[in-house]
Amino acid sequence: MRSGGSVACWGSNGDGRATPPAGSFDAVSAGSHHTCGVRSNASVACWGSDEYGQATPPAGSFDAVSAGNLHTCGVGSDGSVACWGSDEYGQATPPAGSFSPTARAAEPTPAATAAPTMQSVLPMSTPRPTAAPLAQTPPETDREVLVALYNATGGPTWNYGSNWLSDVPISEWEGVTTDDNGRVTQLDLYGNELTGEIPAELGNLANLEQLDLFGNQLSGEIPPELGNLADLAFLFLNENQLSGCVPSSLSGRLNMEYSELGGLPFCP
């Protein structure tokens with residue numbers, strides 16, 4: 001959010017999630033497939049994917065908003081909470097009561113210890129099970145993995161895929177995020193008409209933290225090689241025609257508050 005109140009976004013722009021509307025905002029929150037913000041007049045505006053209604057906010061005055069994976073919640077100016085979008089797990093059915101957009105500090109007592117910080121309570125902060133070390137592969141191998149994914153899932157008929165198979169750095173391929181060393185850390189290819197089976201080569205993306213294949217036409221079983229992804233924390237497989245099970249080695253790594261496995265169980 002700019003100092004003047006306007007919003008600027010960059011990165012993958014699938015469904016327009018990185019194309020904010022004009023106007024002045026007091027707060028903004030980026031979800032997995034959409035973005036929402038509280039305007040200066042206290043109304044909420046959302047943009048991006050709206051398949052589950054997560055980008056269609058109710059009327060009213062809000063103090064804060066938080067965009068999630070397939071749903072959004074906001075704290076009204078009267079202290080009530082309103083949510084919209086997918087409610088498959090009850091995530092859009094808030095409890096009754098009055099809420100504040102900021103956490104209240106606990107009353108200090110002589111024996112009290114410091115309250116935990118947000119970093120200490122986030123699921124990502126818990127130690128992950130020790131995984132066998134993976135051989136480090138150069139960024140060129142990451143490019144080869146992406147080419148294999150493109151060829152295996154009907155790349156020429158994808159809804160979006162700017163720069164794929166071109167000579168520009170893979171960080172400029174639409175839906176691909178890399179770290180400072182050029183290693184792939186995120187693949188966001190939701191709603192992109194991917195077909196066929198997930199290629200086993202994805203298991204070679206050693207630095208991959210998020211794999212979003214939501215809302216495609218993928219079929220077949222989950223390749224066991226995905227279990228090699230020691231850094232994978234967010235996995236979205238719902239709204240496909242996949243079968244089988246998710247590698248059990250991922251069960252202790254995935255952030256299950258946000259990951260969506262499309263009803264697939266973990267392998268024994």
# chains A, B, ... in the order shown; residues from 1 in each chain; ligands from 1
>>> residues_around(residues="region 147-161 of chain A", least_positions_apart="4", cutoff="12 Å", atoms="only C-alpha atoms", output="number ranges by chain")
A: 12-16, 140-143, 165-167, 170, 172-176, 187-205, 213, 215-220
>>> residues_around(residues="Leu229 (chain A)", least_positions_apart="4", cutoff="10 Å", atoms="only C-alpha atoms", output="list in words")
Ala131, Leu134, Leu202, Gly203, Asn204, Leu205, Ala206, Asn207, Leu208, Glu209, Glu225, Ala233, Ser249, Leu250 and Arg253 of chain A
>>> atom_distance(atom1="CA of Ala22 (chain A)", atom2="CA of Ala45 (chain A)")
10.3 Å
>>> atom_distance(atom1="CA of Gln91 (chain A)", atom2="CA of Val44 (chain A)")
19.0 Å
>>> atom_distance(atom1="CA of Phe234 (chain A)", atom2="CA of Ser162 (chain A)")
23.5 Å
>>> residues_around(residues="Phe214 (chain A)", least_positions_apart="5", cutoff="6 Å", atoms="only C-alpha atoms", output="PDB file with C-alpha atoms, in the first residue's frame")
ATOM      1  CA  TYR A 190      -4.465 -22.898 -10.287  1.00  0.00           C
ATOM      2  CA  PHE A 236      -3.351 -27.396  -3.179  1.00  0.00           C
ATOM      3  CA  LEU A 237      -4.736 -30.348  -5.148  1.00  0.00           C
ATOM      4  CA  ASN A 238      -8.503 -29.855  -4.809  1.00  0.00           C
ATOM      5  CA  GLU A 239     -10.886 -29.596  -7.761  1.00  0.00           C
TER       6      GLU A 239
END
>>> select_by_dssp(residues="region 33-260 of chain A", states="strand (DSSP E or B)", output="PDB file with N, CA, C and O atoms, in the first residue's frame")
ATOM      1  N   HIS A  34      -6.857 -14.486  -4.404  1.00  0.00           N
ATOM      2  CA  HIS A  34      -7.555 -13.207  -4.488  1.00  0.00           C
ATOM      3  C   HIS A  34      -6.951 -12.249  -3.468  1.00  0.00           C
ATOM      4  O   HIS A  34      -6.154 -12.646  -2.617  1.00  0.00           O
ATOM      5  N   THR A  35      -7.335 -10.983  -3.584  1.00  0.00           N
ATOM      6  CA  THR A  35      -6.840  -9.948  -2.688  1.00  0.00           C
ATOM      7  C   THR A  35      -8.008  -9.079  -2.255  1.00  0.00           C
ATOM      8  O   THR A  35      -8.936  -8.838  -3.034  1.00  0.00           O
ATOM      9  N   CYS A  36      -7.990  -8.607  -1.017  1.00  0.00           N
ATOM     10  CA  CYS A  36      -9.045  -7.732  -0.511  1.00  0.00           C
ATOM     11  C   CYS A  36      -8.418  -6.561   0.233  1.00  0.00           C
ATOM     12  O   CYS A  36      -7.311  -6.660   0.757  1.00  0.00           O
ATOM     13  N   GLY A  37      -9.137  -5.461   0.284  1.00  0.00           N
ATOM     14  CA  GLY A  37      -8.658  -4.300   1.009  1.00  0.00           C
ATOM     15  C   GLY A  37      -9.799  -3.510   1.608  1.00  0.00           C
ATOM     16  O   GLY A  37     -10.939  -3.569   1.129  1.00  0.00           O
ATOM     17  N   VAL A  38      -9.498  -2.804   2.688  1.00  0.00           N
ATOM     18  CA  VAL A  38     -10.470  -1.912   3.318  1.00  0.00           C
ATOM     19  C   VAL A  38     -10.240  -0.510   2.766  1.00  0.00           C
ATOM     20  O   VAL A  38      -9.162   0.070   2.932  1.00  0.00           O
ATOM     21  N   ARG A  39     -11.250   0.021   2.086  1.00  0.00           N
ATOM     22  CA  ARG A  39     -11.140   1.363   1.527  1.00  0.00           C
ATOM     23  C   ARG A  39     -11.172   2.409   2.644  1.00  0.00           C
ATOM     24  O   ARG A  39     -11.557   2.128   3.785  1.00  0.00           O
ATOM     25  N   VAL A  44     -15.263  -2.707   1.868  1.00  0.00           N
ATOM     26  CA  VAL A  44     -14.268  -3.689   1.440  1.00  0.00           C
ATOM     27  C   VAL A  44     -14.380  -3.910  -0.059  1.00  0.00           C
ATOM     28  O   VAL A  44     -15.487  -4.041  -0.597  1.00  0.00           O
ATOM     29  N   ALA A  45     -13.249  -3.938  -0.733  1.00  0.00           N
ATOM     30  CA  ALA A  45     -13.173  -4.281  -2.154  1.00  0.00           C
ATOM     31  C   ALA A  45     -12.247  -5.469  -2.310  1.00  0.00           C
ATOM     32  O   ALA A  45     -11.220  -5.570  -1.633  1.00  0.00           O
ATOM     33  N   CYS A  46     -12.610  -6.410  -3.187  1.00  0.00           N
ATOM     34  CA  CYS A  46     -11.782  -7.593  -3.446  1.00  0.00           C
ATOM     35  C   CYS A  46     -11.591  -7.757  -4.948  1.00  0.00           C
ATOM     36  O   CYS A  46     -12.435  -7.329  -5.747  1.00  0.00           O
ATOM     37  N   TRP A  47     -10.486  -8.398  -5.336  1.00  0.00           N
ATOM     38  CA  TRP A  47     -10.229  -8.660  -6.743  1.00  0.00           C
ATOM     39  C   TRP A  47      -9.473  -9.974  -6.866  1.00  0.00           C
ATOM     40  O   TRP A  47      -8.807 -10.430  -5.944  1.00  0.00           O
ATOM     41  N   GLY A  48      -9.610 -10.610  -8.018  1.00  0.00           N
ATOM     42  CA  GLY A  48      -8.991 -11.915  -8.245  1.00  0.00           C
ATOM     43  C   GLY A  48     -10.043 -12.998  -8.385  1.00  0.00           C
ATOM     44  O   GLY A  48     -11.203 -12.731  -8.742  1.00  0.00           O
ATOM     45  N   PHE A  62     -16.118  -1.804   7.719  1.00  0.00           N
ATOM     46  CA  PHE A  62     -15.147  -2.743   8.288  1.00  0.00           C
ATOM     47  C   PHE A  62     -13.909  -2.008   8.799  1.00  0.00           C
ATOM     48  O   PHE A  62     -13.501  -0.978   8.257  1.00  0.00           O
ATOM     49  N   ASP A  63     -13.312  -2.587   9.840  1.00  0.00           N
ATOM     50  CA  ASP A  63     -12.042  -2.074  10.366  1.00  0.00           C
ATOM     51  C   ASP A  63     -10.848  -2.867   9.854  1.00  0.00           C
ATOM     52  O   ASP A  63      -9.729  -2.356   9.818  1.00  0.00           O
ATOM     53  N   ALA A  64     -11.074  -4.130   9.472  1.00  0.00           N
ATOM     54  CA  ALA A  64      -9.974  -4.993   9.027  1.00  0.00           C
ATOM     55  C   ALA A  64     -10.527  -6.094   8.145  1.00  0.00           C
ATOM     56  O   ALA A  64     -11.709  -6.454   8.236  1.00  0.00           O
ATOM     57  N   VAL A  65      -9.664  -6.647   7.289  1.00  0.00           N
ATOM     58  CA  VAL A  65     -10.047  -7.756   6.428  1.00  0.00           C
ATOM     59  C   VAL A  65      -8.851  -8.680   6.265  1.00  0.00           C
ATOM     60  O   VAL A  65      -7.692  -8.239   6.298  1.00  0.00           O
ATOM     61  N   SER A  66      -9.123  -9.981   6.127  1.00  0.00           N
ATOM     62  CA  SER A  66      -8.058 -10.963   5.938  1.00  0.00           C
ATOM     63  C   SER A  66      -8.490 -11.945   4.859  1.00  0.00           C
ATOM     64  O   SER A  66      -9.501 -12.642   5.012  1.00  0.00           O
ATOM     65  N   ALA A  67      -7.739 -12.001   3.755  1.00  0.00           N
ATOM     66  CA  ALA A  67      -8.035 -12.914   2.649  1.00  0.00           C
ATOM     67  C   ALA A  67      -7.297 -14.223   2.870  1.00  0.00           C
ATOM     68  O   ALA A  67      -6.088 -14.237   3.102  1.00  0.00           O
ATOM     69  N   HIS A  71     -11.593 -18.250   1.076  1.00  0.00           N
ATOM     70  CA  HIS A  71     -12.575 -17.480   1.826  1.00  0.00           C
ATOM     71  C   HIS A  71     -11.924 -16.202   2.350  1.00  0.00           C
ATOM     72  O   HIS A  71     -10.710 -16.031   2.283  1.00  0.00           O
ATOM     73  N   THR A  72     -12.760 -15.287   2.854  1.00  0.00           N
ATOM     74  CA  THR A  72     -12.295 -14.020   3.401  1.00  0.00           C
ATOM     75  C   THR A  72     -13.104 -13.706   4.650  1.00  0.00           C
ATOM     76  O   THR A  72     -14.289 -14.039   4.725  1.00  0.00           O
ATOM     77  N   CYS A  73     -12.463 -13.076   5.625  1.00  0.00           N
ATOM     78  CA  CYS A  73     -13.169 -12.624   6.823  1.00  0.00           C
ATOM     79  C   CYS A  73     -12.806 -11.169   7.104  1.00  0.00           C
ATOM     80  O   CYS A  73     -11.704 -10.716   6.777  1.00  0.00           O
ATOM     81  N   GLY A  74     -13.741 -10.453   7.706  1.00  0.00           N
ATOM     82  CA  GLY A  74     -13.503  -9.065   8.067  1.00  0.00           C
ATOM     83  C   GLY A  74     -14.102  -8.740   9.420  1.00  0.00           C
ATOM     84  O   GLY A  74     -15.105  -9.331   9.825  1.00  0.00           O
ATOM     85  N   VAL A  75     -13.463  -7.823  10.127  1.00  0.00           N
ATOM     86  CA  VAL A  75     -13.977  -7.342  11.406  1.00  0.00           C
ATOM     87  C   VAL A  75     -14.754  -6.065  11.142  1.00  0.00           C
ATOM     88  O   VAL A  75     -14.191  -5.066  10.671  1.00  0.00           O
ATOM     89  N   GLY A  76     -16.064  -6.100  11.418  1.00  0.00           N
ATOM     90  CA  GLY A  76     -16.907  -4.944  11.194  1.00  0.00           C
ATOM     91  C   GLY A  76     -16.631  -3.834  12.192  1.00  0.00           C
ATOM     92  O   GLY A  76     -16.065  -4.061  13.273  1.00  0.00           O
ATOM     93  N   VAL A  81     -17.870 -10.159  13.230  1.00  0.00           N
ATOM     94  CA  VAL A  81     -17.052 -10.736  12.163  1.00  0.00           C
ATOM     95  C   VAL A  81     -17.959 -11.277  11.069  1.00  0.00           C
ATOM     96  O   VAL A  81     -18.940 -11.972  11.349  1.00  0.00           O
ATOM     97  N   ALA A  82     -17.638 -10.964   9.838  1.00  0.00           N
ATOM     98  CA  ALA A  82     -18.355 -11.488   8.672  1.00  0.00           C
ATOM     99  C   ALA A  82     -17.358 -12.224   7.788  1.00  0.00           C
ATOM    100  O   ALA A  82     -16.223 -11.770   7.621  1.00  0.00           O
ATOM    101  N   CYS A  83     -17.765 -13.365   7.257  1.00  0.00           N
ATOM    102  CA  CYS A  83     -16.906 -14.145   6.361  1.00  0.00           C
ATOM    103  C   CYS A  83     -17.684 -14.495   5.107  1.00  0.00           C
ATOM    104  O   CYS A  83     -18.912 -14.621   5.132  1.00  0.00           O
ATOM    105  N   TRP A  84     -16.983 -14.680   4.005  1.00  0.00           N
ATOM    106  CA  TRP A  84     -17.612 -15.044   2.748  1.00  0.00           C
ATOM    107  C   TRP A  84     -16.656 -15.921   1.944  1.00  0.00           C
ATOM    108  O   TRP A  84     -15.448 -15.894   2.117  1.00  0.00           O
ATOM    109  N   GLY A  85     -17.232 -16.746   1.066  1.00  0.00           N
ATOM    110  CA  GLY A  85     -16.426 -17.679   0.276  1.00  0.00           C
ATOM    111  C   GLY A  85     -16.688 -19.108   0.696  1.00  0.00           C
ATOM    112  O   GLY A  85     -17.735 -19.426   1.282  1.00  0.00           O
ATOM    113  N   VAL A 176       5.506 -18.784 -11.625  1.00  0.00           N
ATOM    114  CA  VAL A 176       6.726 -19.315 -11.007  1.00  0.00           C
ATOM    115  C   VAL A 176       7.358 -18.240 -10.127  1.00  0.00           C
ATOM    116  O   VAL A 176       7.538 -17.103 -10.549  1.00  0.00           O
ATOM    117  N   THR A 177       7.701 -18.616  -8.907  1.00  0.00           N
ATOM    118  CA  THR A 177       8.428 -17.732  -7.991  1.00  0.00           C
ATOM    119  C   THR A 177       9.745 -18.414  -7.627  1.00  0.00           C
ATOM    120  O   THR A 177       9.773 -19.615  -7.352  1.00  0.00           O
ATOM    121  N   THR A 178      10.833 -17.656  -7.647  1.00  0.00           N
ATOM    122  CA  THR A 178      12.139 -18.211  -7.307  1.00  0.00           C
ATOM    123  C   THR A 178      12.775 -17.428  -6.167  1.00  0.00           C
ATOM    124  O   THR A 178      12.376 -16.301  -5.856  1.00  0.00           O
ATOM    125  N   VAL A 184      13.314 -22.571  -7.743  1.00  0.00           N
ATOM    126  CA  VAL A 184      11.858 -22.451  -7.689  1.00  0.00           C
ATOM    127  C   VAL A 184      11.380 -22.687  -6.258  1.00  0.00           C
ATOM    128  O   VAL A 184      11.671 -23.738  -5.658  1.00  0.00           O
ATOM    129  N   THR A 185      10.616 -21.733  -5.733  1.00  0.00           N
ATOM    130  CA  THR A 185      10.050 -21.873  -4.396  1.00  0.00           C
ATOM    131  C   THR A 185       8.524 -21.979  -4.418  1.00  0.00           C
ATOM    132  O   THR A 185       7.938 -22.533  -3.491  1.00  0.00           O
ATOM    133  N   GLN A 186       7.880 -21.456  -5.453  1.00  0.00           N
ATOM    134  CA  GLN A 186       6.424 -21.537  -5.562  1.00  0.00           C
ATOM    135  C   GLN A 186       6.015 -21.808  -7.010  1.00  0.00           C
ATOM    136  O   GLN A 186       6.597 -21.246  -7.939  1.00  0.00           O
ATOM    137  N   LEU A 187       5.012 -22.661  -7.157  1.00  0.00           N
ATOM    138  CA  LEU A 187       4.353 -22.876  -8.442  1.00  0.00           C
ATOM    139  C   LEU A 187       2.865 -22.619  -8.239  1.00  0.00           C
ATOM    140  O   LEU A 187       2.204 -23.346  -7.490  1.00  0.00           O
ATOM    141  N   ASP A 188       2.339 -21.576  -8.865  1.00  0.00           N
ATOM    142  CA  ASP A 188       0.933 -21.207  -8.736  1.00  0.00           C
ATOM    143  C   ASP A 188       0.269 -21.327 -10.101  1.00  0.00           C
ATOM    144  O   ASP A 188       0.304 -20.397 -10.915  1.00  0.00           O
ATOM    145  N   THR A 195      -3.881 -30.694 -17.764  1.00  0.00           N
ATOM    146  CA  THR A 195      -4.467 -32.017 -17.977  1.00  0.00           C
ATOM    147  C   THR A 195      -3.383 -33.083 -17.823  1.00  0.00           C
ATOM    148  O   THR A 195      -2.194 -32.773 -17.718  1.00  0.00           O
ATOM    149  N   GLY A 196      -3.800 -34.345 -17.829  1.00  0.00           N
ATOM    150  CA  GLY A 196      -2.833 -35.431 -17.710  1.00  0.00           C
ATOM    151  C   GLY A 196      -2.460 -35.689 -16.258  1.00  0.00           C
ATOM    152  O   GLY A 196      -3.221 -35.382 -15.337  1.00  0.00           O
ATOM    153  N   GLN A 210       5.638 -24.117  -2.027  1.00  0.00           N
ATOM    154  CA  GLN A 210       4.201 -24.087  -2.305  1.00  0.00           C
ATOM    155  C   GLN A 210       3.943 -24.626  -3.699  1.00  0.00           C
ATOM    156  O   GLN A 210       4.569 -24.201  -4.663  1.00  0.00           O
ATOM    157  N   LEU A 211       2.987 -25.563  -3.785  1.00  0.00           N
ATOM    158  CA  LEU A 211       2.574 -26.133  -5.063  1.00  0.00           C
ATOM    159  C   LEU A 211       1.061 -25.995  -5.149  1.00  0.00           C
ATOM    160  O   LEU A 211       0.321 -26.640  -4.412  1.00  0.00           O
ATOM    161  N   ASP A 212       0.591 -25.123  -6.027  1.00  0.00           N
ATOM    162  CA  ASP A 212      -0.832 -24.832  -6.165  1.00  0.00           C
ATOM    163  C   ASP A 212      -1.316 -25.305  -7.527  1.00  0.00           C
ATOM    164  O   ASP A 212      -1.082 -24.657  -8.548  1.00  0.00           O
ATOM    165  N   GLN A 217      -7.532 -30.084 -14.398  1.00  0.00           N
ATOM    166  CA  GLN A 217      -8.132 -31.347 -14.839  1.00  0.00           C
ATOM    167  C   GLN A 217      -7.104 -32.469 -14.767  1.00  0.00           C
ATOM    168  O   GLN A 217      -7.037 -33.339 -15.629  1.00  0.00           O
ATOM    169  N   LEU A 218      -6.305 -32.436 -13.724  1.00  0.00           N
ATOM    170  CA  LEU A 218      -5.276 -33.456 -13.542  1.00  0.00           C
ATOM    171  C   LEU A 218      -5.905 -34.763 -13.077  1.00  0.00           C
ATOM    172  O   LEU A 218      -6.888 -34.772 -12.338  1.00  0.00           O
ATOM    173  N   SER A 219      -5.321 -35.859 -13.501  1.00  0.00           N
ATOM    174  CA  SER A 219      -5.835 -37.180 -13.150  1.00  0.00           C
ATOM    175  C   SER A 219      -4.677 -38.087 -12.749  1.00  0.00           C
ATOM    176  O   SER A 219      -3.515 -37.676 -12.751  1.00  0.00           O
ATOM    177  N   GLY A 220      -5.003 -39.313 -12.410  1.00  0.00           N
ATOM    178  CA  GLY A 220      -3.965 -40.256 -12.012  1.00  0.00           C
ATOM    179  C   GLY A 220      -3.596 -40.107 -10.547  1.00  0.00           C
ATOM    180  O   GLY A 220      -4.232 -39.376  -9.782  1.00  0.00           O
ATOM    181  N   GLU A 221      -2.551 -40.806 -10.152  1.00  0.00           N
ATOM    182  CA  GLU A 221      -2.129 -40.808  -8.763  1.00  0.00           C
ATOM    183  C   GLU A 221      -1.040 -39.775  -8.489  1.00  0.00           C
ATOM    184  O   GLU A 221      -0.356 -39.317  -9.413  1.00  0.00           O
ATOM    185  N   PHE A 234       2.853 -25.881   1.639  1.00  0.00           N
ATOM    186  CA  PHE A 234       1.506 -25.562   1.165  1.00  0.00           C
ATOM    187  C   PHE A 234       1.247 -26.327  -0.125  1.00  0.00           C
ATOM    188  O   PHE A 234       1.965 -26.158  -1.115  1.00  0.00           O
ATOM    189  N   LEU A 235       0.210 -27.170  -0.114  1.00  0.00           N
ATOM    190  CA  LEU A 235      -0.111 -28.028  -1.257  1.00  0.00           C
ATOM    191  C   LEU A 235      -1.605 -27.924  -1.532  1.00  0.00           C
ATOM    192  O   LEU A 235      -2.432 -28.152  -0.646  1.00  0.00           O
ATOM    193  N   PHE A 236      -1.958 -27.549  -2.781  1.00  0.00           N
ATOM    194  CA  PHE A 236      -3.351 -27.396  -3.179  1.00  0.00           C
ATOM    195  C   PHE A 236      -3.628 -28.316  -4.365  1.00  0.00           C
ATOM    196  O   PHE A 236      -3.121 -28.096  -5.461  1.00  0.00           O
ATOM    197  N   GLN A 241      -9.158 -34.458 -10.733  1.00  0.00           N
ATOM    198  CA  GLN A 241      -9.668 -35.831 -10.770  1.00  0.00           C
ATOM    199  C   GLN A 241      -8.571 -36.804 -10.333  1.00  0.00           C
ATOM    200  O   GLN A 241      -8.346 -37.849 -10.945  1.00  0.00           O
ATOM    201  N   LEU A 242      -7.865 -36.434  -9.279  1.00  0.00           N
ATOM    202  CA  LEU A 242      -6.740 -37.224  -8.810  1.00  0.00           C
ATOM    203  C   LEU A 242      -7.211 -38.394  -7.957  1.00  0.00           C
ATOM    204  O   LEU A 242      -8.294 -38.366  -7.368  1.00  0.00           O
ATOM    205  N   SER A 243      -6.388 -39.416  -7.877  1.00  0.00           N
ATOM    206  CA  SER A 243      -6.710 -40.604  -7.087  1.00  0.00           C
ATOM    207  C   SER A 243      -5.477 -41.001  -6.277  1.00  0.00           C
ATOM    208  O   SER A 243      -4.432 -40.368  -6.358  1.00  0.00           O
ATOM    209  N   VAL A 246      -1.555 -39.171  -0.777  1.00  0.00           N
ATOM    210  CA  VAL A 246      -0.463 -38.195  -0.694  1.00  0.00           C
ATOM    211  C   VAL A 246       0.693 -38.850   0.067  1.00  0.00           C
ATOM    212  O   VAL A 246       0.463 -39.487   1.105  1.00  0.00           O
ATOM    213  N   GLU A 260      -4.960 -27.866   0.761  1.00  0.00           N
ATOM    214  CA  GLU A 260      -6.184 -28.524   0.332  1.00  0.00           C
ATOM    215  C   GLU A 260      -5.802 -29.737  -0.502  1.00  0.00           C
ATOM    216  O   GLU A 260      -5.249 -29.592  -1.599  1.00  0.00           O
TER     217      GLU A 260
END
>>> closest_residue(among="A:Asn240, A:Gly252, A:Val168, A:Pro247", to="Asn228 (chain A)", atoms="only C-alpha atoms")
A:Pro247
>>> closest_residue(among="A:Cys267, A:Leu226, A:Leu254, A:Met1", to="Ser24 (chain A)", atoms="only C-alpha atoms")
A:Met1
>>> closest_residue(among="A:Ser86, A:Asp180, A:Asn163, A:Gly79", to="Ser100 (chain A)", atoms="only C-alpha atoms")
A:Gly79
